[in-house]
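J.: Enclosed is the structure file upload22.txt (compact mmCIF, C-alpha atoms).
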```txt
# COMPACT_ATOMS: atom_id res chain seq x y z
CA MET K 1 0.70 50.59 -44.68
CA ASP K 2 4.38 50.08 -45.10
CA GLU K 3 4.31 48.27 -48.42
CA SER K 4 6.37 49.93 -51.14
CA PRO K 5 4.72 50.61 -54.52
CA ARG K 6 4.90 47.74 -56.96
CA GLN K 7 7.72 48.08 -59.47
CA ALA K 8 6.90 47.74 -63.14
CA SER K 9 9.53 45.02 -63.43
CA GLU K 10 8.32 43.04 -60.40
CA GLU K 11 7.80 39.37 -61.14
CA LEU K 12 4.55 37.57 -60.51
CA PRO K 13 4.79 35.52 -57.32
CA ALA K 14 5.79 31.92 -58.02
CA VAL K 15 2.63 30.09 -56.95
CA ALA K 16 2.63 26.36 -57.57
CA SER K 17 1.07 25.25 -60.87
CA PRO K 18 -0.91 21.99 -61.10
CA THR K 19 2.13 20.21 -62.46
CA GLU K 20 3.98 21.18 -59.33
CA SER K 21 1.45 19.74 -56.88
CA ALA K 22 2.95 16.30 -57.25
CA THR K 23 6.30 17.94 -56.46
CA LEU K 24 4.86 19.65 -53.38
CA ALA K 25 3.63 16.33 -52.03
CA GLY K 26 7.05 14.84 -52.69
CA LEU K 27 8.75 17.77 -50.98
CA LEU K 28 6.58 17.29 -47.90
CA GLY K 29 7.56 13.66 -47.86
CA ALA K 30 11.21 14.72 -47.84
CA CYS K 31 10.48 17.26 -45.11
CA ALA K 32 9.06 14.48 -42.97
CA ARG K 33 12.51 12.91 -43.17
CA GLY K 34 14.19 16.16 -42.06
CA ASP K 35 15.28 17.44 -45.48
CA GLU K 36 15.73 21.18 -44.92
CA ALA K 37 16.56 21.93 -48.54
CA ALA K 38 13.26 20.35 -49.56
CA PHE K 39 11.49 22.54 -47.05
CA ALA K 40 13.12 25.69 -48.39
CA ARG K 41 11.89 24.74 -51.86
CA PHE K 42 8.43 23.99 -50.46
CA TYR K 43 8.43 27.43 -48.84
CA ASP K 44 9.46 29.21 -52.03
CA LEU K 45 6.70 27.52 -54.02
CA THR K 46 3.93 28.16 -51.50
CA ALA K 47 4.83 31.33 -49.59
CA PRO K 48 2.93 33.80 -51.79
CA LEU K 49 -0.26 31.82 -51.17
CA ALA K 50 0.33 31.36 -47.45
CA TRP K 51 1.39 34.94 -46.88
CA GLY K 52 -1.35 36.37 -49.08
CA LEU K 53 -4.01 34.47 -47.20
CA ALA K 54 -2.67 35.35 -43.74
CA ARG K 55 -2.32 38.99 -44.76
CA ARG K 56 -5.86 39.12 -46.11
CA VAL K 57 -7.43 37.57 -43.01
CA ILE K 58 -5.31 39.27 -40.37
CA ARG K 59 -4.71 42.67 -41.96
CA ASP K 60 -1.94 43.72 -39.58
CA PRO K 61 1.26 42.85 -41.51
CA SER K 62 3.43 41.99 -38.51
CA GLU K 63 0.77 39.69 -37.03
CA ALA K 64 0.28 38.14 -40.43
CA GLU K 65 4.02 37.47 -40.58
CA GLU K 66 4.00 35.84 -37.17
CA VAL K 67 1.10 33.58 -38.09
CA THR K 68 2.67 32.62 -41.42
CA GLN K 69 5.92 31.82 -39.66
CA GLU K 70 4.11 29.66 -37.08
CA ALA K 71 2.16 27.90 -39.81
CA TYR K 72 5.31 26.92 -41.68
CA LEU K 73 6.89 25.66 -38.49
CA GLN K 74 3.82 23.52 -37.92
CA ALA K 75 3.99 22.28 -41.50
CA TRP K 76 7.62 21.26 -40.97
CA ARG K 77 6.94 19.48 -37.70
CA HIS K 78 3.82 17.74 -38.92
CA ALA K 79 4.95 16.94 -42.46
CA SER K 80 4.64 13.23 -41.66
CA ARG K 81 0.92 13.77 -41.04
CA PHE K 82 0.28 14.93 -44.60
CA ASN K 83 -1.64 12.27 -46.49
CA PRO K 84 -1.63 12.75 -50.27
CA ASP K 85 -4.71 10.52 -50.55
CA ARG K 86 -6.74 13.10 -48.66
CA GLY K 87 -5.84 16.13 -50.76
CA SER K 88 -3.19 18.44 -52.15
CA ALA K 89 -0.17 19.69 -50.23
CA THR K 90 -1.28 23.25 -50.96
CA ALA K 91 -4.68 22.73 -49.37
CA TRP K 92 -3.03 21.03 -46.40
CA LEU K 93 -0.69 23.97 -45.85
CA LEU K 94 -3.37 26.60 -46.39
CA THR K 95 -5.67 24.83 -43.94
CA ILE K 96 -2.96 25.25 -41.31
CA VAL K 97 -2.44 28.90 -42.27
CA HIS K 98 -6.13 29.68 -42.40
CA ARG K 99 -6.95 28.11 -39.08
CA ARG K 100 -4.11 29.91 -37.32
CA ALA K 101 -5.08 33.17 -38.96
CA VAL K 102 -8.71 32.86 -37.89
CA ASP K 103 -7.74 31.84 -34.35
CA ARG K 104 -5.46 34.90 -34.16
CA VAL K 105 -8.14 37.27 -35.40
CA ARG K 106 -10.62 35.91 -32.86
CA ALA K 107 -8.08 36.14 -30.04
CA ASP K 108 -7.36 39.74 -31.03
CA ASP K 109 -11.06 40.50 -31.16
CA ALA K 110 -11.53 39.23 -27.65
CA SER K 111 -9.53 42.20 -26.48
CA THR K 112 -10.97 44.80 -28.83
CA ARG K 113 -14.14 46.85 -28.71
CA ARG K 114 -17.07 45.87 -30.86
CA GLU K 115 -17.01 48.71 -33.41
CA GLN K 116 -13.30 48.28 -33.93
CA VAL K 117 -13.91 44.60 -34.61
CA TYR K 118 -16.18 45.49 -37.50
CA LEU K 119 -13.66 47.95 -38.93
CA ARG K 120 -10.82 45.47 -38.54
CA ARG K 121 -12.74 42.84 -40.38
CA ALA K 122 -14.35 45.06 -42.99
CA THR K 123 -14.77 43.04 -46.12
CA THR K 124 -14.24 45.74 -48.73
CA PRO K 125 -10.57 45.54 -49.70
CA ASP K 126 -8.70 48.72 -48.90
CA PRO K 127 -7.01 50.55 -51.83
CA ASP K 128 -3.55 49.26 -50.88
CA GLU K 129 -4.78 45.75 -51.60
CA THR K 130 -5.65 46.33 -55.24
CA PRO K 131 -2.09 45.74 -56.45
CA THR K 132 -1.99 42.30 -54.78
CA LEU K 133 -5.09 41.21 -56.67
CA ALA K 134 -3.58 42.40 -59.93
CA VAL K 135 -0.32 40.63 -59.27
CA ALA K 136 -1.60 37.10 -58.89
CA GLY K 137 -2.06 36.46 -62.58
CA LEU K 138 -3.48 33.45 -64.35
CA GLU K 139 -4.33 31.32 -61.32
CA ALA K 140 -6.18 34.18 -59.69
CA HIS K 141 -8.08 34.85 -62.89
CA ARG K 142 -9.19 31.25 -63.02
CA VAL K 143 -10.42 31.45 -59.44
CA ARG K 144 -12.19 34.76 -59.93
CA THR K 145 -13.96 33.32 -62.97
CA ALA K 146 -15.10 30.36 -60.89
CA VAL K 147 -16.18 32.63 -58.03
CA ALA K 148 -18.30 34.53 -60.56
CA THR K 149 -20.42 31.38 -61.00
CA LEU K 150 -21.59 31.65 -57.38
CA THR K 151 -24.72 33.54 -56.49
CA ASP K 152 -24.14 36.92 -54.83
CA LEU K 153 -25.52 35.46 -51.61
CA GLN K 154 -23.13 32.52 -51.67
CA ARG K 155 -20.17 34.73 -52.51
CA GLU K 156 -21.04 37.12 -49.71
CA ALA K 157 -21.34 34.37 -47.12
CA ILE K 158 -18.07 32.76 -48.18
CA GLU K 159 -16.29 36.10 -48.21
CA LEU K 160 -17.35 36.75 -44.62
CA ALA K 161 -16.52 33.25 -43.44
CA TYR K 162 -13.28 32.65 -45.29
CA PHE K 163 -11.64 36.05 -45.66
CA ALA K 164 -13.05 37.90 -42.70
CA GLY K 165 -12.91 34.91 -40.36
CA TYR K 166 -16.40 35.20 -38.95
CA THR K 167 -18.15 32.19 -37.43
CA HIS K 168 -21.27 31.06 -39.26
CA GLY K 169 -23.30 32.48 -36.40
CA GLU K 170 -21.70 35.88 -36.95
CA VAL K 171 -22.20 35.58 -40.70
CA ALA K 172 -25.89 34.90 -40.11
CA ALA K 173 -26.17 37.88 -37.76
CA LEU K 174 -24.30 40.23 -40.12
CA LEU K 175 -26.45 39.22 -43.09
CA GLY K 176 -29.67 39.05 -41.10
CA ILE K 177 -30.36 35.46 -42.13
CA PRO K 178 -31.10 32.27 -40.18
CA LEU K 179 -28.12 30.16 -39.09
CA GLY K 180 -29.16 27.27 -41.31
CA THR K 181 -29.24 29.56 -44.34
CA ALA K 182 -25.72 30.78 -43.60
CA LYS K 183 -24.44 27.19 -43.36
CA THR K 184 -26.18 26.24 -46.60
CA ARG K 185 -24.88 29.21 -48.58
CA ILE K 186 -21.31 28.56 -47.47
CA ARG K 187 -21.53 24.88 -48.27
CA ASP K 188 -23.36 25.27 -51.58
CA GLY K 189 -21.00 28.04 -52.66
CA LEU K 190 -17.96 25.87 -51.95
CA ILE K 191 -19.51 22.91 -53.77
CA ARG K 192 -20.10 25.10 -56.79
CA LEU K 193 -16.55 26.43 -56.59
CA ARG K 194 -15.18 22.91 -56.26
CA ASP K 195 -17.05 21.80 -59.36
CA ALA K 196 -16.23 24.94 -61.37
CA LEU K 197 -12.52 24.52 -60.66
CA GLY K 198 -12.54 20.74 -61.00
CA VAL K 199 -10.71 20.15 -57.73
CA GLY K 200 -11.24 17.80 -54.84
CA SER K 201 -12.91 14.88 -56.54
CA MET U 1 -28.32 13.79 -37.47
CA SER U 2 -28.42 15.00 -41.07
CA GLU U 3 -27.90 18.48 -39.62
CA ILE U 4 -24.27 17.85 -38.89
CA HIS U 5 -23.39 17.07 -42.50
CA ALA U 6 -24.48 20.60 -43.42
CA LEU U 7 -21.54 21.95 -41.36
CA SER U 8 -18.94 20.77 -43.85
CA GLY U 9 -18.67 24.17 -45.55
CA ALA U 10 -18.45 26.07 -42.27
CA TYR U 11 -15.85 23.58 -41.10
CA VAL U 12 -13.47 24.02 -44.02
CA THR U 13 -13.73 27.81 -43.80
CA ASN U 14 -13.05 27.66 -40.07
CA ALA U 15 -16.41 29.26 -39.39
CA LEU U 16 -17.26 26.97 -36.51
CA ASP U 17 -16.55 27.86 -32.91
CA ASP U 18 -14.28 25.57 -30.87
CA ILE U 19 -17.06 23.41 -29.49
CA GLU U 20 -18.80 22.94 -32.83
CA ARG U 21 -15.46 22.20 -34.48
CA ALA U 22 -14.61 19.52 -31.91
CA ALA U 23 -18.06 17.96 -32.32
CA PHE U 24 -17.75 18.01 -36.10
CA GLU U 25 -14.27 16.49 -36.03
CA HIS U 26 -15.56 13.76 -33.78
CA HIS U 27 -18.31 13.09 -36.31
CA LEU U 28 -15.83 13.25 -39.16
CA ALA U 29 -13.70 10.51 -37.63
CA GLY U 30 -16.56 8.09 -38.18
CA CYS U 31 -18.17 9.36 -41.36
CA THR U 32 -16.36 8.67 -44.61
CA ALA U 33 -18.97 10.50 -46.67
CA CYS U 34 -18.31 13.70 -44.75
CA GLN U 35 -14.55 13.10 -44.93
CA ARG U 36 -14.72 12.89 -48.70
CA GLU U 37 -16.87 16.00 -48.92
CA VAL U 38 -14.64 17.92 -46.53
CA ASP U 39 -11.56 16.90 -48.49
CA GLY U 40 -13.11 18.22 -51.69
CA LEU U 41 -14.38 21.46 -50.16
CA ARG U 42 -11.02 22.03 -48.52
CA GLU U 43 -9.46 22.07 -51.98
CA ALA U 44 -12.06 24.57 -53.14
CA ALA U 45 -11.44 26.81 -50.10
CA ALA U 46 -7.70 26.67 -50.69
CA GLU U 47 -8.25 27.85 -54.27
CA LEU U 48 -9.82 31.02 -52.92
CA ALA U 49 -6.43 31.94 -51.50
CA ARG U 50 -5.04 32.21 -55.02
CA SER U 51 -7.00 35.39 -55.56
CA VAL U 52 -5.09 37.11 -52.75
CA ALA U 53 -1.61 35.69 -53.33
CA ALA U 54 1.14 38.26 -52.78
CA PRO U 55 4.95 38.38 -52.55
CA PRO U 56 5.94 37.68 -48.95
CA PRO U 57 8.41 39.88 -47.03
CA PRO U 58 11.96 38.56 -47.62
CA ALA U 59 12.70 38.58 -43.88
CA LEU U 60 9.96 36.03 -43.35
CA ARG U 61 11.85 33.38 -45.31
CA ASP U 62 14.93 33.83 -43.16
CA ARG U 63 12.94 33.53 -39.95
CA VAL U 64 11.13 30.43 -41.14
CA LEU U 65 14.35 28.70 -42.16
CA VAL U 66 15.94 29.49 -38.79
CA ASP U 67 12.88 28.01 -37.06
CA ILE U 68 13.04 24.73 -38.90
CA GLY U 69 16.76 24.47 -38.32
CA THR U 70 16.09 24.30 -34.60
CA SER U 71 13.13 21.94 -34.74
CA ARG U 72 12.66 18.30 -35.57
CA PRO U 73 9.85 16.86 -37.67
CA LEU U 74 7.56 14.55 -35.70
CA PRO U 75 7.91 10.90 -36.64
CA PRO U 76 4.96 9.10 -38.23
CA LYS U 77 2.51 7.70 -35.69
CA ALA U 78 3.44 4.07 -35.10
CA LEU U 79 7.10 3.32 -34.44
CA PRO U 80 8.99 0.08 -34.94
CA ARG U 81 10.56 -2.03 -32.26
CA GLU U 82 14.35 -1.79 -32.42
CA SER U 83 15.52 -5.38 -32.45
CA ARG U 84 18.83 -4.72 -30.73
CA GLN U 85 17.31 -2.92 -27.79
CA PRO U 86 15.41 -4.47 -24.93
CA ARG U 87 11.84 -5.32 -25.85
CA PHE U 88 10.32 -2.76 -23.51
CA ARG U 89 12.20 0.06 -25.24
CA GLY U 90 10.29 -0.52 -28.46
CA LEU U 91 7.04 -0.66 -26.53
CA LEU U 92 8.07 2.53 -24.73
CA VAL U 93 8.59 4.21 -28.07
CA ALA U 94 5.20 3.14 -29.40
CA ALA U 95 3.52 3.97 -26.11
CA VAL U 96 4.93 7.49 -25.88
CA VAL U 97 3.92 8.27 -29.45
CA ALA U 98 0.45 6.83 -28.89
CA LEU U 99 0.04 8.79 -25.67
CA LEU U 100 1.22 12.02 -27.27
CA ALA U 101 -1.18 11.51 -30.15
CA ALA U 102 -4.05 10.58 -27.85
CA SER U 103 -3.50 13.52 -25.52
CA GLY U 104 -4.16 15.90 -28.40
CA VAL U 105 -1.08 17.94 -27.65
CA GLY U 106 -2.04 20.32 -30.42
CA TYR U 107 -0.01 22.72 -32.50
CA VAL U 108 3.11 22.71 -30.40
CA ALA U 109 3.56 18.98 -29.79
CA ALA U 110 6.57 18.04 -27.70
CA VAL U 111 9.69 17.42 -29.74
CA TRP U 112 10.15 13.82 -28.75
CA ALA U 113 13.59 12.29 -28.24
CA PRO U 114 13.86 8.51 -28.36
CA TRP U 115 16.69 8.28 -25.86
CA GLU U 116 14.68 9.85 -23.05
CA GLN U 117 13.33 7.34 -20.59
CA GLN U 118 9.95 8.42 -19.38
CA SER U 119 9.21 5.92 -16.65
CA ALA U 120 5.68 7.27 -16.21
CA HIS U 121 4.92 6.27 -19.79
CA LEU U 122 6.99 3.13 -19.79
CA THR U 123 4.38 0.46 -19.57
CA ALA U 124 1.36 1.33 -21.73
CA ALA U 125 1.80 -1.70 -23.97
CA ASP U 126 3.03 -3.82 -21.05
CA GLN U 127 -0.10 -2.87 -19.16
CA ILE U 128 -2.25 -4.01 -22.03
CA VAL U 129 -0.50 -7.35 -22.22
CA ALA U 130 -0.59 -7.80 -18.44
CA ALA U 131 -4.17 -6.58 -17.92
CA ALA U 132 -6.47 -9.00 -16.10
CA ASP U 133 -8.97 -8.81 -18.95
CA ALA U 134 -6.37 -9.08 -21.74
CA GLN U 135 -7.60 -11.11 -24.69
CA ARG U 136 -5.40 -12.34 -27.46
CA TRP U 137 -6.15 -13.46 -31.00
CA THR U 138 -3.76 -14.58 -33.68
CA ALA U 139 -4.19 -14.88 -37.42
CA ALA U 140 -1.87 -16.16 -40.10
CA ALA U 141 -0.81 -13.48 -42.57
CA GLN U 142 -1.45 -13.92 -46.28
CA ASP U 143 2.15 -14.26 -47.47
CA GLY U 144 3.66 -15.84 -44.39
CA GLY U 145 4.09 -14.77 -40.81
CA SER U 146 1.39 -13.96 -38.32
CA VAL U 147 -0.35 -11.11 -36.57
CA THR U 148 -1.41 -11.18 -32.93
CA VAL U 149 -3.65 -8.63 -31.30
CA THR U 150 -3.86 -8.31 -27.53
CA ARG U 151 -6.75 -6.18 -26.32
CA SER U 152 -7.76 -4.96 -22.91
CA SER U 153 -11.34 -3.67 -22.83
CA ARG U 154 -10.78 -2.11 -19.42
CA LEU U 155 -7.85 -0.06 -20.77
CA SER U 156 -9.67 0.41 -24.09
CA ALA U 157 -6.36 -0.30 -25.80
CA ALA U 158 -4.79 -2.93 -27.99
CA VAL U 159 -1.33 -3.95 -29.10
CA LEU U 160 -0.78 -5.51 -32.50
CA THR U 161 2.30 -7.69 -32.97
CA MET U 162 3.60 -8.51 -36.43
CA SER U 163 5.97 -11.41 -36.86
CA GLY U 164 7.55 -12.97 -39.93
CA LEU U 165 5.92 -10.73 -42.52
CA PRO U 166 7.77 -9.69 -45.67
CA ALA U 167 9.25 -6.20 -45.89
CA ALA U 168 6.83 -3.60 -47.24
CA PRO U 169 7.52 -2.77 -50.91
CA ALA U 170 9.04 0.64 -51.68
CA GLY U 171 6.46 3.40 -51.41
CA LYS U 172 4.12 1.28 -49.29
CA VAL U 173 3.49 0.95 -45.58
CA TYR U 174 1.67 -1.52 -43.39
CA GLU U 175 -1.45 0.12 -42.01
CA PHE U 176 -3.46 -1.07 -39.04
CA TRP U 177 -7.23 -0.87 -38.75
CA LEU U 178 -9.83 -1.24 -36.05
CA LEU U 179 -13.20 -2.63 -37.07
CA LYS U 180 -16.12 -0.82 -35.47
CA PRO U 181 -19.49 -2.41 -34.69
CA ASP U 182 -21.00 -0.60 -37.70
CA GLN U 183 -18.55 -2.52 -39.91
CA SER U 184 -16.44 0.52 -40.76
CA LEU U 185 -12.66 0.37 -40.51
CA THR U 186 -10.80 3.24 -38.86
CA PRO U 187 -7.08 3.93 -39.33
CA ALA U 188 -5.10 2.80 -36.28
CA GLY U 189 -1.48 3.51 -37.25
CA THR U 190 1.15 2.77 -39.87
CA THR U 191 4.67 1.39 -40.02
CA SER U 192 7.20 0.65 -42.70
CA LEU U 193 8.73 -2.27 -40.78
CA PRO U 194 7.42 -5.85 -41.08
CA GLN U 195 7.73 -6.75 -37.42
CA GLY U 196 7.19 -5.27 -34.02
CA ASP U 197 4.67 -4.34 -31.38
CA PHE U 198 2.36 -1.42 -32.08
CA VAL U 199 -0.12 0.21 -29.76
CA LEU U 200 -3.18 0.79 -31.95
CA ASP U 201 -4.74 4.25 -32.19
CA GLY U 202 -8.42 4.28 -31.37
CA ASP U 203 -11.15 2.81 -29.22
CA ALA U 204 -10.14 -0.82 -28.85
CA ALA U 205 -12.83 -1.57 -26.29
CA ARG U 206 -15.64 -0.90 -28.75
CA ALA U 207 -13.82 -2.40 -31.71
CA ILE U 208 -14.85 -5.85 -32.87
CA GLY U 209 -11.74 -6.67 -34.88
CA ALA U 210 -8.40 -5.47 -36.15
CA GLY U 211 -6.37 -5.97 -39.28
CA VAL U 212 -3.42 -4.99 -41.40
CA THR U 213 -3.24 -3.92 -45.05
CA LEU U 214 -0.55 -2.55 -47.34
CA GLU U 215 -1.19 1.09 -48.27
CA PRO U 216 0.66 3.83 -50.12
CA ALA U 217 3.24 5.66 -47.97
CA GLY U 218 1.50 8.10 -45.68
CA GLY U 219 -1.38 5.73 -45.10
CA SER U 220 -4.97 5.85 -46.28
CA MET U 221 -8.21 6.88 -44.62
CA ALA U 222 -9.83 3.63 -45.75
CA PRO U 223 -8.22 0.35 -46.86
CA THR U 224 -7.38 0.22 -50.54
CA THR U 225 -6.30 -3.43 -50.50
CA PRO U 226 -7.69 -6.63 -48.93
CA PRO U 227 -6.34 -7.44 -45.46
CA ILE U 228 -3.01 -9.20 -45.13
CA ALA U 229 -4.26 -10.43 -41.78
CA PHE U 230 -7.41 -9.88 -39.85
CA VAL U 231 -8.63 -10.92 -36.42
CA ASN U 232 -12.19 -10.86 -35.19
CA PHE U 233 -12.38 -10.11 -31.53
CA GLY U 234 -14.49 -12.57 -29.63
CA PRO U 235 -16.92 -11.47 -26.93
CA ARG U 236 -15.44 -9.00 -24.47
CA ALA U 237 -13.78 -10.51 -21.41
```
Could you render the structure as structure tokens?
T.:
Amino acid sequence: MDESPRQASEELPAVASPTESATLAGLLGACARGDEAAFARFYDLTAPLAWGLARRVIRDPSEAEEVTQEAYLQAWRHASRFNPDRGSATAWLLTIVHRRAVDRVRADDASTRREQVYLRRATTPDPDETPTLAVAGLEAHRVRTAVATLTDLQREAIELAYFAGYTHGEVAALLGIPLGTAKTRIRDGLIRLRDALGVGS
Amino acid sequence: MSEIHALSGAYVTNALDDIERAAFEHHLAGCTACQREVDGLREAAAELARSVAAPPPPALRDRVLVDIGTSRPLPPKALPRESRQPRFRGLLVAAVVALLAASGVGYVAAVWAPWEQQSAHLTAADQIVAAADAQRWTAAAQDGGSVTVTRSSRLSAAVLTMSGLPAAPAGKVYEFWLLKPDQSLTPAGTTSLPQGDFVLDGDAARAIGAGVTLEPAGGSMAPTTPPIAFVNFGPRA
């Protein structure tokens, strides 16, 4: 890994707080009208989330950078498609990032041997990742607390689907459970998470 | 059929393969209950990302800003008719946008330039109006003006013409809707102008009506206000 050790004085990444989500939606509206300064601000507020997610799913840092870059370009071009009535700007952006990241991982897998696929997508975080979890601060703590309300089975299924990018068929095969059970655990886990965090209602 | 609703979690975590995803999105377009659930679960999934947030490489910011400097945001879906230009130019504009949207161009949609004449795409709205099976209905609008819808079942397309309506208030847009046989309304485009010809998004052949409402900027997935104008389509020609 080429990441330098975290400095003691390093700031927490500026992830958008709830009071800023109205701003993010407004910034996307300005982006739809071609406002590049608004986009730069949108990037600064959301990049730690977008990058962190891409990096976690894709593992390879340069591929993660490419995907993050492509995702932001898509966000810029499609800013007019964002509908604040359907959800937050953060979720909209991260949906773009996540889908691109998963598509990239699957495309990479298509040209990789089976055992390497498993290693690439191993779900236990490697030691280099521990600092990133520590860095994310209050928001991350809130999420981890909510994730703790899930059953182990739900958490496991979501981990494999969301962070390792497996299809629900692969999740079922990896966990040795029926397909329907995999679908249900993912859905129920997300519902519980949604309710625990009080989002999306 | 209840099986498909259970895919909402797999959908928002991108755990469906391409075929399943396409099938689910097709279902989603017609199921507001699933849309609401998916919207909520999408927020929950996005929250998961907070646990892995990390400082991005500084070089990434520079590359992203260069990218956007050389690329143009896509316009919103329905475009207005420019009153000073020939009538067909406005229809061309709406037709090209509708065709781009309908062709599912995907992540890298063409950067569309309004001054380019694409004669192959010129006549989508003209074709609708000129179709042998074209049907036309007109309704008076609530606060003055009128709305006319011309539909060709053979082309499965419709053009909605607004005339004499007041300007949309700040922060609001006119949104078009197609009424499906099951009485649900599907979004068919938006505009911030009070007049013009707009090719409607969606399956006009199966629709049984069309209407216009005022919605918050960006549009809504379902009408939040009563219709300003509404036409019921008669029997198909």
J.: Once you count all atoms listed in the file, which residues of chain U turn out to be within 7 Å of chain K? Could you give them as a ChimeraX atom specification?
T.: /U:6-10,13-17,39-56,60,64,67-68,72-76,107,218-220
J.: Using all atoms listed in the file, what residues lie at most 9 Å away from (-14.9, 5.6, -42.6) (file coordinates), given as JSON, numbers by chain?
T.: {"U": [28, 29, 30, 31, 32, 33, 35, 184, 185, 186, 187, 221, 222]}
J.: Just the number, please: distance in Å from atom CA of U:Ala207 to atom CA of U:Ala125, one decimal.
T.: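 Computed distance, atom CA of U:Ala207 to atom CA of U:Ala125, equals 17.4 Å.
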J.: Counting only C-alpha atoms, which residue out of U:Ile208, U:Ala170, U:Ala217, U:Leu200 sits closest to K:Gly26?
T.: U:Ala217
J.: Enter the distance from atom CA of K:Val67 to atom CA of K:Thr145, in Å, rounded to one decimal.
T.: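 That distance, rounded to one decimal, is 29.1 Å.
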J.: Hey, can you check how far atom CA of U:Thr191 sits from atom CA of U:Pro226?
T.: 17.2 Å
J.: When you count only C-alpha atoms, which of these residues is closest to U:Pro227: U:Asp197, U:Ala205, U:Gln142, U:Thr161?
T.: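 The answer is U:Gln142, which sits nearest to U:Pro227.
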J.: For U:Ser152, which residue among U:Arg206, U:Lys172, U:Lys180, U:Arg63 is the nearest when counting only C-alpha atoms?
T.: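 Closest residue, counting only C-alpha atoms: U:Arg206.
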J.: Give the answer as one residue: which of U:Gly69, U:Pro216, U:Gly234, U:Gly196 has the shortest atom-to-atom distance to U:Pro169, using all atoms listed in the file?
T.: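 The shortest atom-to-atom distance to U:Pro169 comes from U:Pro216.
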J.: Just add all heavy atoms to stretch 164-168 of chain U and send it as a PDB file, in the coordinates of the input.
T.:
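out07.pdb written:
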```pdb
ATOM      1  N   GLY U 164       7.300 -12.137 -38.757  1.00  0.00           N
ATOM      2  CA  GLY U 164       7.550 -12.970 -39.930  1.00  0.00           C
ATOM      3  C   GLY U 164       6.908 -12.486 -41.212  1.00  0.00           C
ATOM      4  O   GLY U 164       6.811 -13.241 -42.170  1.00  0.00           O
ATOM      5  N   LEU U 165       6.490 -11.238 -41.279  1.00  0.00           N
ATOM      6  CA  LEU U 165       5.920 -10.730 -42.520  1.00  0.00           C
ATOM      7  C   LEU U 165       7.019 -10.242 -43.439  1.00  0.00           C
ATOM      8  O   LEU U 165       8.091  -9.856 -42.974  1.00  0.00           O
ATOM      9  CB  LEU U 165       4.946  -9.572 -42.232  1.00  0.00           C
ATOM     10  CG  LEU U 165       3.486  -9.963 -42.003  1.00  0.00           C
ATOM     11  CD1 LEU U 165       3.336 -10.737 -40.714  1.00  0.00           C
ATOM     12  CD2 LEU U 165       2.604  -8.734 -41.980  1.00  0.00           C
ATOM     13  N   PRO U 166       6.750 -10.233 -44.762  1.00  0.00           N
ATOM     14  CA  PRO U 166       7.770  -9.690 -45.670  1.00  0.00           C
ATOM     15  C   PRO U 166       7.891  -8.177 -45.505  1.00  0.00           C
ATOM     16  O   PRO U 166       6.967  -7.514 -45.016  1.00  0.00           O
ATOM     17  CB  PRO U 166       7.217 -10.038 -47.058  1.00  0.00           C
ATOM     18  CG  PRO U 166       5.756 -10.227 -46.867  1.00  0.00           C
ATOM     19  CD  PRO U 166       5.534 -10.686 -45.459  1.00  0.00           C
ATOM     20  N   ALA U 167       9.049  -7.654 -45.927  1.00  0.00           N
ATOM     21  CA  ALA U 167       9.250  -6.200 -45.890  1.00  0.00           C
ATOM     22  C   ALA U 167       8.227  -5.531 -46.788  1.00  0.00           C
ATOM     23  O   ALA U 167       7.837  -6.070 -47.810  1.00  0.00           O
ATOM     24  CB  ALA U 167      10.666  -5.859 -46.350  1.00  0.00           C
ATOM     25  N   ALA U 168       7.767  -4.346 -46.397  1.00  0.00           N
ATOM     26  CA  ALA U 168       6.830  -3.600 -47.240  1.00  0.00           C
ATOM     27  C   ALA U 168       7.552  -3.146 -48.508  1.00  0.00           C
ATOM     28  O   ALA U 168       8.697  -2.719 -48.429  1.00  0.00           O
ATOM     29  CB  ALA U 168       6.282  -2.395 -46.484  1.00  0.00           C
TER      30      ALA U 168
END
```
